[in-house]
Amino acid sequence: MVTPPGVWALVVPGVRVVAPFVDAADATRCALDLGLRPGEYMALPFVGLGRIVIL
């Protein structure tokens, strides 16, 4: 699956990437459902086909 720009990914550093999400709020809701706390994950946008922004 190639993810287009404009969608979001839930990134748990060193563990996994979960995508796609319509917006950052959806990614955050998923993180909370998974029991993740703020600081344990990032919601990052896709900036190109299959590319997530890197901080």
# chains A, B, ... in the order shown; residues from 1 in each chain; ligands from 1
>>> residues_around(residues="Ala25 (chain A)", least_positions_apart="3", cutoff="12 Å", atoms="only C-alpha atoms", output="ChimeraX atom specification")
/A:7-10,21-22,28-32,42-45
>>> select_by_dssp(residues="chain A", states="helix (DSSP H, G or I)", output="PDB file with all heavy atoms, in the first residue's frame")
ATOM      1  N   ALA A  24      -4.425  14.038  12.669  1.00  0.00           N
ATOM      2  CA  ALA A  24      -3.630  13.775  13.868  1.00  0.00           C
ATOM      3  C   ALA A  24      -4.508  13.365  15.042  1.00  0.00           C
ATOM      4  O   ALA A  24      -4.093  12.564  15.881  1.00  0.00           O
ATOM      5  CB  ALA A  24      -2.800  15.008  14.219  1.00  0.00           C
ATOM      6  N   ALA A  25      -5.726  13.876  15.112  1.00  0.00           N
ATOM      7  CA  ALA A  25      -6.631  13.528  16.201  1.00  0.00           C
ATOM      8  C   ALA A  25      -6.976  12.037  16.160  1.00  0.00           C
ATOM      9  O   ALA A  25      -7.031  11.384  17.211  1.00  0.00           O
ATOM     10  CB  ALA A  25      -7.894  14.379  16.138  1.00  0.00           C
ATOM     11  N   ASP A  26      -7.187  11.488  14.980  1.00  0.00           N
ATOM     12  CA  ASP A  26      -7.458  10.053  14.852  1.00  0.00           C
ATOM     13  C   ASP A  26      -6.259   9.226  15.312  1.00  0.00           C
ATOM     14  O   ASP A  26      -6.413   8.201  15.976  1.00  0.00           O
ATOM     15  CB  ASP A  26      -7.801   9.674  13.410  1.00  0.00           C
ATOM     16  CG  ASP A  26      -9.248   9.945  13.048  1.00  0.00           C
ATOM     17  OD1 ASP A  26     -10.066  10.172  13.956  1.00  0.00           O
ATOM     18  OD2 ASP A  26      -9.554   9.924  11.851  1.00  0.00           O
ATOM     19  N   ALA A  27      -5.059   9.665  14.953  1.00  0.00           N
ATOM     20  CA  ALA A  27      -3.844   8.956  15.380  1.00  0.00           C
ATOM     21  C   ALA A  27      -3.711   9.008  16.898  1.00  0.00           C
ATOM     22  O   ALA A  27      -3.355   8.014  17.537  1.00  0.00           O
ATOM     23  CB  ALA A  27      -2.614   9.560  14.700  1.00  0.00           C
ATOM     24  N   THR A  28      -4.024  10.158  17.486  1.00  0.00           N
ATOM     25  CA  THR A  28      -3.959  10.309  18.941  1.00  0.00           C
ATOM     26  C   THR A  28      -4.977   9.415  19.632  1.00  0.00           C
ATOM     27  O   THR A  28      -4.662   8.765  20.640  1.00  0.00           O
ATOM     28  CB  THR A  28      -4.169  11.789  19.332  1.00  0.00           C
ATOM     29  OG1 THR A  28      -3.116  12.565  18.735  1.00  0.00           O
ATOM     30  CG2 THR A  28      -4.149  11.979  20.835  1.00  0.00           C
ATOM     31  N   ARG A  29      -6.182   9.348  19.093  1.00  0.00           N
ATOM     32  CA  ARG A  29      -7.201   8.457  19.675  1.00  0.00           C
ATOM     33  C   ARG A  29      -6.733   7.006  19.643  1.00  0.00           C
ATOM     34  O   ARG A  29      -6.913   6.252  20.608  1.00  0.00           O
ATOM     35  CB  ARG A  29      -8.531   8.612  18.949  1.00  0.00           C
ATOM     36  CG  ARG A  29      -9.333   9.820  19.419  1.00  0.00           C
ATOM     37  CD  ARG A  29     -10.752   9.803  18.880  1.00  0.00           C
ATOM     38  NE  ARG A  29     -10.837  10.069  17.451  1.00  0.00           N
ATOM     39  CZ  ARG A  29     -10.759  11.286  16.907  1.00  0.00           C
ATOM     40  NH1 ARG A  29     -10.608  12.349  17.676  1.00  0.00           N
ATOM     41  NH2 ARG A  29     -10.851  11.446  15.607  1.00  0.00           N
ATOM     42  N   CYS A  30      -6.120   6.604  18.560  1.00  0.00           N
ATOM     43  CA  CYS A  30      -5.602   5.239  18.452  1.00  0.00           C
ATOM     44  C   CYS A  30      -4.519   5.008  19.504  1.00  0.00           C
ATOM     45  O   CYS A  30      -4.493   3.959  20.152  1.00  0.00           O
ATOM     46  CB  CYS A  30      -5.053   4.988  17.054  1.00  0.00           C
ATOM     47  SG  CYS A  30      -4.369   3.324  16.854  1.00  0.00           S
ATOM     48  N   ALA A  31      -3.632   5.965  19.676  1.00  0.00           N
ATOM     49  CA  ALA A  31      -2.572   5.841  20.679  1.00  0.00           C
ATOM     50  C   ALA A  31      -3.166   5.651  22.069  1.00  0.00           C
ATOM     51  O   ALA A  31      -2.714   4.796  22.841  1.00  0.00           O
ATOM     52  CB  ALA A  31      -1.661   7.066  20.652  1.00  0.00           C
ATOM     53  N   LEU A  32      -4.179   6.435  22.395  1.00  0.00           N
ATOM     54  CA  LEU A  32      -4.824   6.312  23.699  1.00  0.00           C
ATOM     55  C   LEU A  32      -5.507   4.953  23.839  1.00  0.00           C
ATOM     56  O   LEU A  32      -5.441   4.316  24.903  1.00  0.00           O
ATOM     57  CB  LEU A  32      -5.814   7.452  23.913  1.00  0.00           C
ATOM     58  CG  LEU A  32      -5.194   8.856  23.961  1.00  0.00           C
ATOM     59  CD1 LEU A  32      -6.280   9.915  24.046  1.00  0.00           C
ATOM     60  CD2 LEU A  32      -4.212   8.973  25.104  1.00  0.00           C
ATOM     61  N   ASP A  33      -6.141   4.472  22.767  1.00  0.00           N
ATOM     62  CA  ASP A  33      -6.769   3.145  22.781  1.00  0.00           C
ATOM     63  C   ASP A  33      -5.741   2.033  23.007  1.00  0.00           C
ATOM     64  O   ASP A  33      -6.055   1.002  23.601  1.00  0.00           O
ATOM     65  CB  ASP A  33      -7.521   2.879  21.477  1.00  0.00           C
ATOM     66  CG  ASP A  33      -8.798   3.706  21.334  1.00  0.00           C
ATOM     67  OD1 ASP A  33      -9.252   4.291  22.333  1.00  0.00           O
ATOM     68  OD2 ASP A  33      -9.316   3.769  20.203  1.00  0.00           O
TER      69      ASP A  33
END
>>> select_by_dssp(residues="chain A", states="strand (DSSP E)", output="list in words")
Trp8, Ala9, Leu10, Val11, Val12, Arg16, Val17, Val18, Ala19, Pro20, Phe21, Met42, Ala43, Leu44, Pro45, Phe46, Val47, Gly48, Arg51 and Ile52 of chain A
>>> write_last_selection(atoms="C-alpha atoms", output="tab-separated table (two decimals), in the first residue's frame")
chain	number	residue	atom	x	y	z
A	8	TRP	CA	-1.13	10.79	9.26
A	9	ALA	CA	0.82	7.97	10.90
A	10	LEU	CA	1.09	6.98	14.53
A	11	VAL	CA	4.79	6.40	15.22
A	12	VAL	CA	6.05	4.60	18.32
A	16	ARG	CA	6.12	0.39	15.06
A	17	VAL	CA	4.30	2.65	12.66
A	18	VAL	CA	0.52	2.49	12.36
A	19	ALA	CA	-1.13	4.22	9.40
A	20	PRO	CA	-3.12	5.70	7.74
A	21	PHE	CA	-5.22	8.12	9.74
A	42	MET	CA	4.25	10.84	17.69
A	43	ALA	CA	1.55	11.63	15.16
A	44	LEU	CA	3.40	12.55	11.97
A	45	PRO	CA	2.11	13.53	8.53
A	46	PHE	CA	2.97	11.80	5.29
A	47	VAL	CA	4.74	14.27	3.00
A	48	GLY	CA	5.07	12.15	-0.10
A	51	ARG	CA	7.20	9.00	3.22
A	52	ILE	CA	6.62	10.16	6.78
